[in-house]
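Single-structure report; data block below.
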Amino acid sequence: MKRSVVRGVGTALPRRIMRNADFEGMVETSDEWIVQRTGIRQRHVASDDETTASLGEAAARNALAAAGLTPDDIDLIVLATSTPNHTFPATAVEIQERLGMRHGFAFDQQAVCSGFVYAITTADLYIRGGLAKRVLVIGSETFSRILDWSDRTTCVLFGDGAGAVVLEAQEGEGTVADRGVLASSLRSDGTHKEKLYVDGGPSTTGTVGHLRMQGREVFKHAVAMITDVVEATFTAGGITADDLDWFVPHQANKRIIDASAKKLGIAEEKVVTTVHLHGNTSAASVPLALGCAVADGRIKKGDLVLLEAMGGGFTWGAVLVRW
Ligand code: ACO
């Protein structure tokens, strides 16, 4: 039975770090408020020469290096992003070009903060369907470009960055002991659109627009939606929370992460948290957290890892991976 095994992970962050105190002269806020409500202490913000494509390319190159592979070995690039360089062509194709790839194919996938979870699931299906052998799955975002920097309820929450994994087709026994993607569950519900959206777009206003969020409303739904989809993924994978080695949630808010882990019965020491360093980087948040936990030696080959995310749409989902 074909499995999509993780061969390498890589990350990339903009040079510039913006700390909570840096907002104090811009909007009415404080380091104390931001830390207490969100757990965020700093985020990286792209400079003019840094884009979703350049950050995605850098993360992809780091993932390829970790995997001991080159762009020649890749036949598909799936980029999860809501902040593409252009309306079209797809930023994935731009990354393909930056990597010097003239073979294979590439496309973007848009599910906001759940983008990476959707993209891993998509890549896994291409691999299991025999359409690709090795896939670069990238989450790259420059949310700083769609923030209303005068709106304190949103501008302090987000950051820029990118993360990538290389998935490779390998044969498994078809059991939970196999390395690779073991189970996925995806959901969306457009009735929640007004709670988190961008008020622009090519077919409506003809502008890029700004992110708008009813934070309290998002918060209200987040824990229930996340725990529901994670439990469905546990069931699909034939495991329980106790079997898990690592829980790698979307990094939007420490309170949501802690409440979800508690409700799921996942021990605190199994939760990977990077929101204090990166803020909410949307589709990049899960691969950035993965990159940190692999680099510092926490996630090791054979570990059972649960990825989850929830975001605009609403979209939400979870993926179970034997690392
Ligand atoms: N600094 C100081 N005060 C602030 C700030 C700020 N940056 N932002 C809001 N406030 C004020 C509000 O105006 C409000 O004041 P009021 O009581 O006088 O009206 C007060 O703080 C409390 O505001 P709440 O919105 O009730 O604060 P809450 O505790 O809910 O925290 C937050 C806000 C952090 C946004 C929280 O609701 C949250 O994290 N929501 C979820 C966001 C999320 O997870 N998004 C994920 C998806 S993102 C994606 O998909 C792209």
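Residues are referred to by chain and number: the chain letter is A, B, ... according to the order shown in the structure tokens, the number counts from 1 in that chain, and ligands are numbered separately from 1 in the order shown.
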For segment 177-193 of chain A, please output as an MDAnalysis selection string all residues within 9 Å (counting only C-alpha atoms; exclusion window: fewer than 4 positions along the same chain). chainID A and resid 3:6 111 114 117:118 120:121 124 167:173 197 218 229:230 232:237 301:304 312:323
Check every protein, DNA and RNA residue against ligand 1, keep those with an atom at most 8 Å away (counting only C-alpha atoms and all ligand atoms), and present them as number ranges by chain. A: 27-30, 33-34, 37-38, 112-114, 152-157, 196-197, 211, 213-220, 222, 252-253, 255-256, 280-282, 310-315
Could you please determine the separation between atom CA of Ser47 of chain A and atom CA of Ala162 of chain A in Å, to one decimal place?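 According to the coordinates, atom CA of Ser47 of chain A and atom CA of Ala162 of chain A are separated by 14.3 Å.
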Rounded to one decimal in Å, what is the spacing between atom CA of Arg43 of chain A and atom CA of Arg19 of chain A?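 Computing the Euclidean distance for atom CA of Arg43 of chain A and atom CA of Arg19 of chain A yields 6.6 Å.
The residue set within 6 Å of His276 of chain A, counting only C-alpha atoms and dropping same-chain residues fewer than 5 places from it, reads Gly39, Ile40 and Arg41 of chain A.
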Grab the atom CA of Glu97 of chain A to atom CA of Ala283 of chain A distance for me, in Å with one decimal place. 21.4 Å
Please identify every residue of segment 108-197 of chain A that has at least one atom no farther than 6 Å from an atom of segment 74-91 of chain A, counting only C-alpha atoms, and for each give the shortest atom pair and the distance in Å to one decimal, arranged by chain then increasing number, as CSV.
```
residue,atom,partner,partner_atom,distance
A:Asp108,CA,A:Leu79,CA,4.7
A:Gln109,CA,A:Ala80,CA,4.8
A:Gln110,CA,A:Thr81,CA,5.6
A:Val112,CA,A:Ser82,CA,5.5
A:Gly115,CA,A:Ala80,CA,4.8
A:Phe116,CA,A:Ala80,CA,5.5
A:Ala132,CA,A:Asp75,CA,5.9
A:Arg134,CA,A:Ile74,CA,5.0
A:Val135,CA,A:Leu76,CA,4.8
A:Leu136,CA,A:Ile77,CA,4.8
A:Val137,CA,A:Val78,CA,5.0
A:Ile138,CA,A:Leu79,CA,4.7
A:Gly139,CA,A:Ala80,CA,4.7
A:Ser140,CA,A:Thr81,CA,5.7
A:Glu141,CA,A:Thr83,CA,5.6
A:Thr142,CA,A:Thr83,CA,5.9
```
Those same residues, written as an mmCIF file, in the first residue's frame with C-alpha atoms?
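What follows is the written file again_38.cif:
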```cif
data_model
loop_
_atom_site.group_PDB
_atom_site.id
_atom_site.type_symbol
_atom_site.label_atom_id
_atom_site.label_comp_id
_atom_site.auth_asym_id
_atom_site.auth_seq_id
_atom_site.Cartn_x
_atom_site.Cartn_y
_atom_site.Cartn_z
ATOM 1 C CA ASP A 108 -1.877 26.886 -5.392
ATOM 2 C CA GLN A 109 -4.451 25.766 -2.872
ATOM 3 C CA GLN A 110 -6.467 28.271 -0.854
ATOM 4 C CA VAL A 112 -6.585 30.218 4.539
ATOM 5 C CA GLY A 115 -4.232 25.577 3.761
ATOM 6 C CA PHE A 116 -1.300 23.384 4.737
ATOM 7 C CA ALA A 132 3.306 12.004 -8.382
ATOM 8 C CA ARG A 134 7.712 13.286 -4.726
ATOM 9 C CA VAL A 135 5.777 16.401 -3.802
ATOM 10 C CA LEU A 136 6.896 19.692 -2.302
ATOM 11 C CA VAL A 137 4.088 20.836 -0.017
ATOM 12 C CA ILE A 138 4.609 24.471 0.929
ATOM 13 C CA GLY A 139 2.729 26.905 3.161
ATOM 14 C CA SER A 140 3.863 30.473 2.513
ATOM 15 C CA GLU A 141 2.171 33.728 3.503
ATOM 16 C CA THR A 142 2.717 37.483 3.661
#
```
Go through segment 54-210 of chain A and collect every residue that DSSP, computed from the backbone, puts in helix (DSSP H, G or I); the answer should be as a ChimeraX atom specification. /A:54-67,71-73,91-98,112-128,143-146,152-155,190-195
Please provide as a list in words all residues within 9 Å of Ile266 of chain A, with the sequence filter that same-chain residues fewer than 5 positions apart are discarded (counting only C-alpha atoms). Ala241, Asp242, Leu244, Trp246, Phe247, Ser260, Ala261 and Val271 of chain A
Given only C-alpha atoms as the counted atoms, nearest of A:Ala284, A:Leu147, A:Met26, A:Val248 to Arg298 of chain A: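 Ranking A:Ala284, A:Leu147, A:Met26, A:Val248 by distance to Arg298 of chain A, first place goes to A:Val248.
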So which residues touch Ala295 of chain A within 12 Å, counting only C-alpha atoms, skipping near sequence neighbours fewer than 2 positions away, as a PyMOL selection string? chain A and resi 8-11+62-63+66+287-293+297-300
Going by DSSP on the backbone, which residues of segment 20-235 of chain A come out as strand (DSSP E)? List them as a ChimeraX atom specification. /A:42-45,76-80,105-109,134-142,160-171,180-188,196-198,211-213
Residues from last step as file, N, CA and C atoms, as a short mmCIF file (atom, residue, chain, number, x, y, z; two decimals), in the first residue's frame:
```cif
data_model
loop_
_atom_site.label_atom_id
_atom_site.label_comp_id
_atom_site.auth_asym_id
_atom_site.auth_seq_id
_atom_site.Cartn_x
_atom_site.Cartn_y
_atom_site.Cartn_z
N GLN A 42 6.28 38.13 19.45
CA GLN A 42 6.92 38.75 18.27
C GLN A 42 6.42 38.05 17.02
N ARG A 43 6.67 38.67 15.88
CA ARG A 43 6.35 38.07 14.59
C ARG A 43 7.36 38.61 13.58
N HIS A 44 7.54 37.89 12.46
CA HIS A 44 8.42 38.36 11.39
C HIS A 44 7.56 39.06 10.34
N VAL A 45 8.08 40.16 9.80
CA VAL A 45 7.32 40.93 8.81
C VAL A 45 8.19 41.12 7.56
N LEU A 76 5.76 17.47 -8.32
CA LEU A 76 4.58 18.30 -8.06
C LEU A 76 4.90 19.28 -6.93
N ILE A 77 4.43 20.52 -7.08
CA ILE A 77 4.50 21.50 -5.99
C ILE A 77 3.07 21.94 -5.67
N VAL A 78 2.66 21.77 -4.42
CA VAL A 78 1.37 22.30 -3.97
C VAL A 78 1.68 23.40 -2.95
N LEU A 79 1.25 24.61 -3.27
CA LEU A 79 1.48 25.74 -2.38
C LEU A 79 0.17 26.16 -1.72
N ALA A 80 0.15 26.13 -0.41
CA ALA A 80 -0.99 26.65 0.34
C ALA A 80 -0.72 28.12 0.64
N PHE A 105 4.46 19.62 -12.41
CA PHE A 105 3.41 20.63 -12.39
C PHE A 105 3.26 21.23 -10.99
N ALA A 106 2.57 22.37 -10.94
CA ALA A 106 2.48 23.11 -9.67
C ALA A 106 1.18 23.88 -9.63
N PHE A 107 0.59 23.96 -8.45
CA PHE A 107 -0.63 24.78 -8.31
C PHE A 107 -0.78 25.27 -6.88
N ASP A 108 -1.59 26.33 -6.72
CA ASP A 108 -1.88 26.89 -5.39
C ASP A 108 -3.16 26.26 -4.84
N GLN A 109 -3.24 26.23 -3.54
CA GLN A 109 -4.45 25.77 -2.87
C GLN A 109 -4.79 26.79 -1.80
N ARG A 134 7.20 12.42 -5.80
CA ARG A 134 7.71 13.29 -4.73
C ARG A 134 7.09 14.66 -4.88
N VAL A 135 6.52 15.14 -3.77
CA VAL A 135 5.78 16.40 -3.80
C VAL A 135 6.36 17.38 -2.78
N LEU A 136 6.57 18.60 -3.24
CA LEU A 136 6.90 19.69 -2.30
C LEU A 136 5.58 20.30 -1.85
N VAL A 137 5.30 20.22 -0.57
CA VAL A 137 4.09 20.84 -0.02
C VAL A 137 4.55 22.06 0.78
N ILE A 138 4.11 23.22 0.34
CA ILE A 138 4.61 24.47 0.93
C ILE A 138 3.43 25.27 1.50
N GLY A 139 3.65 25.88 2.65
CA GLY A 139 2.73 26.90 3.16
C GLY A 139 3.53 28.20 3.24
N SER A 140 3.11 29.21 2.50
CA SER A 140 3.86 30.47 2.51
C SER A 140 2.88 31.64 2.51
N GLU A 141 3.12 32.61 3.38
CA GLU A 141 2.17 33.73 3.50
C GLU A 141 2.90 35.04 3.79
N THR A 142 2.31 36.12 3.29
CA THR A 142 2.72 37.48 3.66
C THR A 142 1.45 38.24 4.06
N ASP A 160 4.49 36.88 8.97
CA ASP A 160 4.83 36.32 7.66
C ASP A 160 5.81 35.16 7.82
N GLY A 161 5.84 34.26 6.85
CA GLY A 161 6.80 33.16 6.89
C GLY A 161 6.41 32.04 5.96
N ALA A 162 7.22 30.99 5.97
CA ALA A 162 6.96 29.84 5.09
C ALA A 162 7.54 28.57 5.68
N GLY A 163 6.90 27.45 5.36
CA GLY A 163 7.42 26.14 5.74
C GLY A 163 7.11 25.16 4.63
N ALA A 164 7.90 24.12 4.52
CA ALA A 164 7.69 23.16 3.43
C ALA A 164 8.08 21.76 3.89
N VAL A 165 7.41 20.77 3.32
CA VAL A 165 7.84 19.38 3.51
C VAL A 165 7.96 18.71 2.14
N VAL A 166 8.85 17.72 2.07
CA VAL A 166 8.92 16.86 0.89
C VAL A 166 8.23 15.56 1.24
N LEU A 167 7.19 15.21 0.48
CA LEU A 167 6.50 13.93 0.65
C LEU A 167 6.96 12.99 -0.45
N GLU A 168 7.19 11.73 -0.10
CA GLU A 168 7.69 10.75 -1.08
C GLU A 168 6.87 9.47 -1.02
N ALA A 169 6.57 8.92 -2.17
CA ALA A 169 5.83 7.65 -2.25
C ALA A 169 6.72 6.51 -1.75
N GLN A 170 6.22 5.78 -0.75
CA GLN A 170 6.92 4.57 -0.28
C GLN A 170 5.87 3.50 -0.02
N GLU A 171 6.30 2.25 -0.08
CA GLU A 171 5.37 1.14 0.19
C GLU A 171 5.23 0.92 1.69
N GLY A 180 4.33 7.75 7.22
CA GLY A 180 3.59 8.47 6.18
C GLY A 180 2.26 9.01 6.68
N VAL A 181 1.52 9.61 5.74
CA VAL A 181 0.20 10.15 6.07
C VAL A 181 -0.76 8.97 6.29
N LEU A 182 -1.38 8.93 7.47
CA LEU A 182 -2.25 7.79 7.82
C LEU A 182 -3.73 8.12 7.69
N ALA A 183 -4.10 9.36 7.97
CA ALA A 183 -5.52 9.73 7.91
C ALA A 183 -5.65 11.24 7.82
N SER A 184 -6.73 11.70 7.16
CA SER A 184 -7.02 13.14 7.06
C SER A 184 -8.51 13.35 7.21
N SER A 185 -8.90 14.48 7.76
CA SER A 185 -10.31 14.90 7.78
C SER A 185 -10.34 16.39 7.46
N LEU A 186 -11.16 16.77 6.48
CA LEU A 186 -11.27 18.17 6.08
C LEU A 186 -12.72 18.63 6.18
N ARG A 187 -12.91 19.90 6.54
CA ARG A 187 -14.26 20.46 6.64
C ARG A 187 -14.25 21.91 6.16
N SER A 188 -15.42 22.38 5.71
CA SER A 188 -15.60 23.82 5.48
C SER A 188 -17.08 24.16 5.66
N LEU A 196 -14.56 36.13 9.34
CA LEU A 196 -13.13 36.20 9.00
C LEU A 196 -12.99 36.19 7.49
N TYR A 197 -12.66 37.35 6.92
CA TYR A 197 -12.58 37.43 5.46
C TYR A 197 -11.72 38.62 5.06
N VAL A 198 -11.43 38.73 3.77
CA VAL A 198 -10.72 39.89 3.23
C VAL A 198 -11.72 40.67 2.39
N LEU A 211 -7.79 42.25 5.75
CA LEU A 211 -8.36 41.19 6.59
C LEU A 211 -9.31 41.81 7.61
N ARG A 212 -10.48 41.22 7.73
CA ARG A 212 -11.46 41.64 8.74
C ARG A 212 -11.83 40.42 9.59
N MET A 213 -11.86 40.60 10.88
CA MET A 213 -12.16 39.44 11.74
C MET A 213 -12.97 39.85 12.95
#
```
